Amino acid sequence: MDDLERWCGIECTVSRVGDTYTDQLRRTGHHDRLDDLDRLAALGFTAIRYPLLWERVSPDSPDVADWDWCDTRMARLRDLGLRVIGGLVHHGSGPRYTNLLDDGFATGLARHAAAAAERYPWIEDWTPVNEPVTTARFSALYGHWYPHARDETAFWRALLNQIDATRLSMRAIRAVTPTARLIQTDDLGRAWATEPLAQRAAFDNQRRWIGWDLLCGRVTSGHPLWRRLCAIGFGDRLRTIADDPCPPDIIGINHYPTSDRFLDHRIQRYAGEPCALDAEQPFSDVPAVRALDPAPEPFAGALREAWERYGLPVALTEVHLGCTREEQMRWTRQAWSAATQARAAGVDVRAVTAWSVFGCQDWNTLITRPGVYESGLFDVTGGIVRPTALARQWQSIAEDGAEAVVDQPGWWQRPERLIFARAPRVADASGHRDHRVDPAKPLMICGASGTLGQALARACAARGIAYRLTTRAECDLGDRASVAAALDRIKPWAVINATGWVRVDDAEGEADACRASNVTAALRLVTECASRRIPVVALSSDLVFDGTLGRAYLEDDLPHALCVYGRSKVELEAGSLAYGYCPLVIRTASFFSPHDPHNFAHAVAQALSAGETFTAADDQVMSPSYVPALAAAVLDLLIDGEQGIRHLANDTSLSWADFARLIARALGHDPGRIIGVPGVQLGWTAPRPRSCGLQSRHVASLGPLTAAIADFAAHWRAIQTTAAQPIREQQAA
């Protein structure tokens with residue numbers, strides 16, 4: 001058996017909701033970046049699922065085709081030696097002049113397929129229609145996508161049109177390239193159910209195979225769904241397909257944490273979740289991983305079942321998880337491990353595919369309305385194309401380059417995955433793995449009492465990253481022996497130094513003490529870690545600048561600090577970059593957090609809630625940094641292996657007074673109660689720059705400041721409500 005191949009793919013859905021089209025290639029910017037292909041080739045992939053989409057080539061008329069974009073990309077991919085798996089429709093309903101329920105859909109796509117094959121006869125692998133069963137469900141059964149039908153007859157019609165489109169397209173392609181292979185993809189999970197819904201689950205578990213069954217010519221009189229489809233009126237079409245099948249050369253399995261489902265007649269257990277009320281037996285349909293215990297094992301069952309059913313080669317054709325970086329890496333490792341174990345058991349697994357390599361947009365809303373961006377092997381937030389740790393993992397995945405964060409269980413394996421009432425699942429205990437891991441290498445966070453240290457610890461706990469938050473008693477950065485002992489005892493895979501002198505004004509009169517903490521002690525940690533080849537993250541400040549530039553500062557702008565505190569950070573930066581191992585220096589500014597009372601936003605909220613006015617500088621501009629977002633970004637950059645100086649702040653530069661006014665509005669207070677004054681009137685002793693906003697050439701911002709303030713306000717209200725509850729209870733008593 002040949003080596004397991006690494007394929008990749010770009011999320012390329014052209015979706016239609018009503019009369020509105022959205023294009024994932026444009027949403028992620030890949031449409032305009034030819035050099036993306038070089039980035040992928042450099043990672044060593046052998047093949048790429050790439051779009052030659054009908055909707056993009058001939059959007060307005062079947063007689064007008066614009067192949068220029070495709071021509072340029074196909075030429076580059078051929079030069080790079082990256083094998084192409086051509087895709088013609090990807091979750092789409094076709095151009096405006098057709099749709100999934102149109103009798104001309106199949107012949108129309110076949111015409112497009114013939115033109116693509118004639119233009120690129122060297123392409124041998126094709127997926128004319130991606131996920132036909134899933135697309136038919138979402139477009140014609142659930143009504144999410146165009147043509148927004150919601151009945152079973154429409155579902156079967158949409159599916160059969162896609163199956164015919166696949167058959168006719170492959171016939172047209174093979175007329176040009178006789179050796180062309182069909183790689184047929186679909187989402188493959190399975191359904192579990194409570195006893196009253198056993199028959200419904202059995203139906204779903206038959207329907208999940210129906211696309212491949214049709215292409216293989218298996219839907220004949222002996223098929224479990226034959227009589228149902230004939231009763232609807234599709235008997236003649238089924239006979240035509242069975243008489244002229246088009247079996248896949250490779251079964252392409254797409255699998256996500258939500259692919260496996262649990263059907264429960266006890267709908268009261270799932271408050272707020274959609275349920276099928278129009279069914280004969282009303283039920284809730286939820287991800288099995290969120291309710292069943294033990295949870296289904298991802299990938300392994302799907303690979304085994306597909307092989308046993310068809311005896312055809314299989315591949316994992318979409319491996320993607322919209323989550324934090326380490327969870328994405330854990331999901332990838334599980335996919336690769338499942339594939340290699342299946343091969344060892346005799347399953348003919350050909351490839352594992354890194355999907356959404358440049359991320360995807362709006363899939364948290366099923367691309368029915370604006371949603372969030374999910375990064376992939378590259379993060380393209382803010383127009384910056386930045387490789388993540390996932391790219392590094394895929395580049396060396398055959399060697400299974402283990403990383404400490406990847407060794408921990410994924411969220412789908414941890415107890416917190418159960419967000420609904422636990423539903424026991426009968427399972428062979430010997431086949432259910434114990435995912436509890438005793439980590440040998442945690443992340444070490446110095447600064448247990450600080451705002452950022454606490455925030456980093458919360459983020460690690462939420463993300464399943466083993467960590468050790470150290471106090472001065474455990475690791476005194478002023479004592480080399482204490483630092484060395486802590487590193488040797490804890491054995492961290494990385495260290496984040498969230499300690500240091502933070503009293504900017506006091507530093508003017510205590511320069512030696514400030515320098516001892518921010519420079520001497522911090523660099524002691526850097527050098528001790530470097531001798532052990534442990535990466536260190538150091539925290540710096542916007543106060544390394546003098547504020548005279550006239551624009552926001554970038555990483556390569558030269559520092560020139562005005563105050564003692566700022567000069568200590570300049571020295572810290574230089575020392576960390578000179579002496580550190582894989583040094584990463586984060587410049588940030590103006591923390592605000594709902595979880596710590598010692599910050600500007602909290603002071604504003606406290607004063608306004610008490611009916612007071614609040615005074616703030618209106619002549620000093622900075623870029624606030626929302627601590628929860630900052631902690632998440634620091635972890636991401638550390639895991640991604642970023643090095644050098646990076647700026648992290650929210651996306652807006654403004655005065656302290658304007659910042660306070662935004663907070664007031666978000667909390668429902670009159671922004672007129674914010675009194676703007678010159679900074680010199682506030683009694684500060686340390687000179688401060690007039691304008692030191694931060695932007696980055698290398699990484700995305702921490703996101704919109706308005707969204708961060710809204711989140712702060714929501715947390716603030718919740719905290720105040722919780723704090724007031726005991727008082728109300730006492731008054732009631």
# chains A, B, ... in the order shown; residues from 1 in each chain; ligands from 1
call {"tool": "select_by_dssp", "arguments": {"residues": "stretch 666-730 of chain A", "states": "helix (DSSP H, G or I)", "output": "JSON, numbers by chain"}}
result
{"A": [666, 671, 672, 673, 679, 680, 681, 682, 705, 706, 707, 708, 709, 710, 711, 712, 713, 714, 715, 716, 717, 718, 719, 720, 721, 722, 723, 724, 725, 726, 727, 728, 729, 730]}
call {"tool": "write_last_selection", "arguments": {"atoms": "N, CA and C atoms", "output": "JSON list (two decimals), in the first residue's frame"}}
result
[["chain", "number", "residue", "atom", "x", "y", "z"],
["A", 666, "ALA", "N", -22.08, 52.14, 26.46],
["A", 666, "ALA", "CA", -22.34, 50.70, 26.51],
["A", 666, "ALA", "C", -23.06, 50.30, 27.80],
["A", 671, "PRO", "N", -22.86, 59.84, 28.35],
["A", 671, "PRO", "CA", -21.43, 60.09, 28.12],
["A", 671, "PRO", "C", -21.03, 61.51, 28.48],
["A", 672, "GLY", "N", -22.02, 62.42, 28.65],
["A", 672, "GLY", "CA", -21.70, 63.77, 29.08],
["A", 672, "GLY", "C", -21.15, 63.84, 30.48],
["A", 673, "ARG", "N", -21.28, 62.75, 31.22],
["A", 673, "ARG", "CA", -20.72, 62.72, 32.58],
["A", 673, "ARG", "C", -19.22, 62.42, 32.58],
["A", 679, "GLY", "N", -4.01, 65.91, 30.25],
["A", 679, "GLY", "CA", -3.41, 64.91, 31.13],
["A", 679, "GLY", "C", -2.62, 65.49, 32.27],
["A", 680, "VAL", "N", -2.03, 66.68, 32.08],
["A", 680, "VAL", "CA", -1.20, 67.28, 33.14],
["A", 680, "VAL", "C", -2.04, 67.61, 34.36],
["A", 681, "GLN", "N", -3.35, 67.74, 34.21],
["A", 681, "GLN", "CA", -4.21, 68.07, 35.33],
["A", 681, "GLN", "C", -4.55, 66.85, 36.21],
["A", 682, "LEU", "N", -4.14, 65.67, 35.78],
["A", 682, "LEU", "CA", -4.48, 64.46, 36.52],
["A", 682, "LEU", "C", -3.43, 64.07, 37.55],
["A", 705, "LEU", "N", -12.98, 47.44, 18.90],
["A", 705, "LEU", "CA", -13.05, 47.93, 20.27],
["A", 705, "LEU", "C", -14.50, 47.99, 20.74],
["A", 706, "THR", "N", -15.41, 48.35, 19.85],
["A", 706, "THR", "CA", -16.82, 48.44, 20.25],
["A", 706, "THR", "C", -17.35, 47.09, 20.72],
["A", 707, "ALA", "N", -16.95, 46.01, 20.05],
["A", 707, "ALA", "CA", -17.39, 44.68, 20.46],
["A", 707, "ALA", "C", -16.79, 44.31, 21.81],
["A", 708, "ALA", "N", -15.53, 44.68, 22.03],
["A", 708, "ALA", "CA", -14.88, 44.39, 23.30],
["A", 708, "ALA", "C", -15.58, 45.13, 24.44],
["A", 709, "ILE", "N", -15.92, 46.38, 24.21],
["A", 709, "ILE", "CA", -16.59, 47.17, 25.24],
["A", 709, "ILE", "C", -17.98, 46.60, 25.52],
["A", 710, "ALA", "N", -18.67, 46.16, 24.48],
["A", 710, "ALA", "CA", -19.98, 45.54, 24.67],
["A", 710, "ALA", "C", -19.86, 44.29, 25.53],
["A", 711, "ASP", "N", -18.83, 43.50, 25.29],
["A", 711, "ASP", "CA", -18.61, 42.30, 26.09],
["A", 711, "ASP", "C", -18.29, 42.67, 27.54],
["A", 712, "PHE", "N", -17.44, 43.69, 27.70],
["A", 712, "PHE", "CA", -17.13, 44.18, 29.04],
["A", 712, "PHE", "C", -18.42, 44.60, 29.76],
["A", 713, "ALA", "N", -19.27, 45.35, 29.07],
["A", 713, "ALA", "CA", -20.50, 45.84, 29.68],
["A", 713, "ALA", "C", -21.42, 44.69, 30.08],
["A", 714, "ALA", "N", -21.52, 43.68, 29.23],
["A", 714, "ALA", "CA", -22.37, 42.53, 29.55],
["A", 714, "ALA", "C", -21.87, 41.81, 30.79],
["A", 715, "HIS", "N", -20.55, 41.61, 30.87],
["A", 715, "HIS", "CA", -19.97, 40.97, 32.05],
["A", 715, "HIS", "C", -20.17, 41.85, 33.29],
["A", 716, "TRP", "N", -19.99, 43.14, 33.13],
["A", 716, "TRP", "CA", -20.14, 44.06, 34.26],
["A", 716, "TRP", "C", -21.56, 43.97, 34.84],
["A", 717, "ARG", "N", -22.55, 43.99, 33.95],
["A", 717, "ARG", "CA", -23.93, 43.91, 34.43],
["A", 717, "ARG", "C", -24.19, 42.58, 35.14],
["A", 718, "ALA", "N", -23.66, 41.50, 34.57],
["A", 718, "ALA", "CA", -23.87, 40.19, 35.19],
["A", 718, "ALA", "C", -23.23, 40.13, 36.57],
["A", 719, "ILE", "N", -22.03, 40.69, 36.69],
["A", 719, "ILE", "CA", -21.34, 40.69, 37.98],
["A", 719, "ILE", "C", -22.11, 41.52, 39.00],
["A", 720, "GLN", "N", -22.60, 42.69, 38.56],
["A", 720, "GLN", "CA", -23.36, 43.54, 39.48],
["A", 720, "GLN", "C", -24.66, 42.87, 39.92],
["A", 721, "THR", "N", -25.32, 42.19, 38.99],
["A", 721, "THR", "CA", -26.56, 41.49, 39.33],
["A", 721, "THR", "C", -26.30, 40.38, 40.34],
["A", 722, "THR", "N", -25.22, 39.63, 40.12],
["A", 722, "THR", "CA", -24.87, 38.54, 41.04],
["A", 722, "THR", "C", -24.53, 39.08, 42.41],
["A", 723, "ALA", "N", -23.78, 40.19, 42.44],
["A", 723, "ALA", "CA", -23.39, 40.78, 43.72],
["A", 723, "ALA", "C", -24.58, 41.31, 44.49],
["A", 724, "ALA", "N", -25.59, 41.82, 43.76],
["A", 724, "ALA", "CA", -26.76, 42.41, 44.41],
["A", 724, "ALA", "C", -27.74, 41.36, 44.91],
["A", 725, "GLN", "N", -27.66, 40.13, 44.42],
["A", 725, "GLN", "CA", -28.65, 39.12, 44.75],
["A", 725, "GLN", "C", -28.73, 38.81, 46.24],
["A", 726, "PRO", "N", -27.60, 38.61, 46.94],
["A", 726, "PRO", "CA", -27.69, 38.33, 48.39],
["A", 726, "PRO", "C", -28.35, 39.46, 49.16],
["A", 727, "ILE", "N", -28.12, 40.71, 48.73],
["A", 727, "ILE", "CA", -28.72, 41.85, 49.41],
["A", 727, "ILE", "C", -30.24, 41.80, 49.24],
["A", 728, "ARG", "N", -30.70, 41.51, 48.02],
["A", 728, "ARG", "CA", -32.14, 41.42, 47.79],
["A", 728, "ARG", "C", -32.76, 40.30, 48.62],
["A", 729, "GLU", "N", -32.04, 39.18, 48.71],
["A", 729, "GLU", "CA", -32.55, 38.06, 49.49],
["A", 729, "GLU", "C", -32.66, 38.42, 50.96],
["A", 730, "GLN", "N", -31.66, 39.16, 51.47],
["A", 730, "GLN", "CA", -31.71, 39.58, 52.87],
["A", 730, "GLN", "C", -32.87, 40.55, 53.10]]
call {"tool": "residues_around", "arguments": {"residues": "A:Thr134", "least_positions_apart": "2", "cutoff": "10 Å", "atoms": "only C-alpha atoms", "output": "NGL selection string"}}
result
:A and (91 or 130-132 or 136-141 or 155 or 159 or 185-188 or 208 or 211)
call {"tool": "write_last_selection", "arguments": {"atoms": "C-alpha atoms", "output": "PDB file, in the first residue's frame"}}
result
ATOM      1  CA  HIS A  91     -22.719  23.435  -1.727  1.00  0.00           C
ATOM      2  CA  ASN A 130     -19.466  18.220  -3.249  1.00  0.00           C
ATOM      3  CA  GLU A 131     -21.620  16.606  -0.543  1.00  0.00           C
ATOM      4  CA  PRO A 132     -24.834  16.042  -2.530  1.00  0.00           C
ATOM      5  CA  ALA A 136     -29.919  18.519  -0.576  1.00  0.00           C
ATOM      6  CA  ARG A 137     -30.776  18.453   3.133  1.00  0.00           C
ATOM      7  CA  PHE A 138     -29.750  22.045   3.746  1.00  0.00           C
ATOM      8  CA  SER A 139     -31.299  23.435   0.534  1.00  0.00           C
ATOM      9  CA  ALA A 140     -34.443  21.387   0.028  1.00  0.00           C
ATOM     10  CA  LEU A 141     -35.321  19.745   3.359  1.00  0.00           C
ATOM     11  CA  PHE A 155     -35.034  16.745  -0.940  1.00  0.00           C
ATOM     12  CA  LEU A 159     -30.380  14.810  -4.494  1.00  0.00           C
ATOM     13  CA  THR A 185     -17.460  13.419  -0.954  1.00  0.00           C
ATOM     14  CA  ASP A 186     -20.196  13.697   1.637  1.00  0.00           C
ATOM     15  CA  ASP A 187     -20.564  14.313   5.340  1.00  0.00           C
ATOM     16  CA  LEU A 188     -20.649  10.978   7.155  1.00  0.00           C
ATOM     17  CA  ARG A 208     -26.555   8.947   5.059  1.00  0.00           C
ATOM     18  CA  GLY A 211     -25.554   9.382  -2.443  1.00  0.00           C
TER      19      GLY A 211
END
call {"tool": "select_by_dssp", "arguments": {"residues": "stretch 545-661 of chain A", "states": "strand (DSSP E or B)", "output": "number ranges by chain"}}
result
A: 553, 584-588, 591-592, 614-617, 621-622, 625-626, 644-647, 654-655
call {"tool": "residues_around", "arguments": {"residues": "A:Thr368", "least_positions_apart": "3", "cutoff": "10 Å", "atoms": "only C-alpha atoms", "output": "PDB file with C-alpha atoms, in the first residue's frame"}}
result
ATOM      1  CA  SER A  15     -23.924  30.077  -1.358  1.00  0.00           C
ATOM      2  CA  ARG A  16     -27.246  31.604  -2.289  1.00  0.00           C
ATOM      3  CA  VAL A  17     -29.743  32.775   0.319  1.00  0.00           C
ATOM      4  CA  GLY A  18     -32.727  34.355  -1.381  1.00  0.00           C
ATOM      5  CA  THR A  20     -27.954  37.090  -2.256  1.00  0.00           C
ATOM      6  CA  TYR A  21     -24.788  35.220  -3.186  1.00  0.00           C
ATOM      7  CA  THR A  22     -21.726  34.972  -0.947  1.00  0.00           C
ATOM      8  CA  HIS A 144     -31.401  27.082   4.782  1.00  0.00           C
ATOM      9  CA  TRP A 145     -30.078  27.642   1.244  1.00  0.00           C
ATOM     10  CA  ASP A 362     -19.882  32.578   8.417  1.00  0.00           C
ATOM     11  CA  TRP A 363     -20.077  28.806   8.832  1.00  0.00           C
ATOM     12  CA  ASN A 364     -21.199  29.254  12.441  1.00  0.00           C
ATOM     13  CA  THR A 365     -24.424  30.590  10.903  1.00  0.00           C
ATOM     14  CA  GLY A 371     -20.925  35.234  11.227  1.00  0.00           C
TER      15      GLY A 371
END
call {"tool": "closest_residue", "arguments": {"among": "A:Arg228, A:Arg386, A:Arg422, A:His669", "to": "A:Arg697", "atoms": "only C-alpha atoms"}}
result
A:Arg386
call {"tool": "residues_around", "arguments": {"residues": "A:Arg468", "least_positions_apart": "6", "cutoff": "10 Å", "atoms": "only C-alpha atoms", "output": "count of residues only"}}
result
12
call {"tool": "atom_distance", "arguments": {"atom1": "atom CA of A:Trp156", "atom2": "atom CA of A:Val129"}}
result
15.5 Å
call {"tool": "atom_distance", "arguments": {"atom1": "atom CA of A:Leu648", "atom2": "atom CA of A:Val526"}}
result
20.9 Å
call {"tool": "residues_around", "arguments": {"residues": "A:Met329", "least_positions_apart": "6", "cutoff": "8 Å", "atoms": "only C-alpha atoms", "output": "list in words"}}
result
Ala389, Leu390, Gln393 and Val406 of chain A
call {"tool": "write_last_selection", "arguments": {"atoms": "C-alpha atoms", "output": "short mmCIF file (atom, residue, chain, number, x, y, z; two decimals), in the first residue's frame"}}
result
data_model
loop_
_atom_site.label_atom_id
_atom_site.label_comp_id
_atom_site.auth_asym_id
_atom_site.auth_seq_id
_atom_site.Cartn_x
_atom_site.Cartn_y
_atom_site.Cartn_z
CA ALA A 389 0.86 26.11 14.21
CA LEU A 390 -1.59 24.04 12.18
CA GLN A 393 1.72 20.39 12.11
CA VAL A 406 -1.72 18.65 21.31
#
call {"tool": "residues_around", "arguments": {"residues": "A:Thr220", "least_positions_apart": "6", "cutoff": "8 Å", "atoms": "only C-alpha atoms", "output": "number ranges by chain"}}
result
A: 226, 238-239, 242
call {"tool": "closest_residue", "arguments": {"among": "A:Thr388, A:Asn205, A:Ser576, A:Thr258", "to": "A:Gly641", "atoms": "only C-alpha atoms"}}
result
A:Thr388
call {"tool": "closest_residue", "arguments": {"among": "A:His560, A:Arg515, A:His598, A:Arg157", "to": "A:Leu452", "atoms": "only C-alpha atoms"}}
result
A:His598
call {"tool": "residues_around", "arguments": {"residues": "A:Pro247", "least_positions_apart": "3", "cutoff": "12 Å", "atoms": "only C-alpha atoms", "output": "PyMOL selection string"}}
result
chain A and resi 163+166-167+170-171+181-184+211-218+241-244+250-251+310-313
call {"tool": "atom_distance", "arguments": {"atom1": "atom CA of A:Ser623", "atom2": "atom CA of A:Gly693"}}
result
4.8 Å
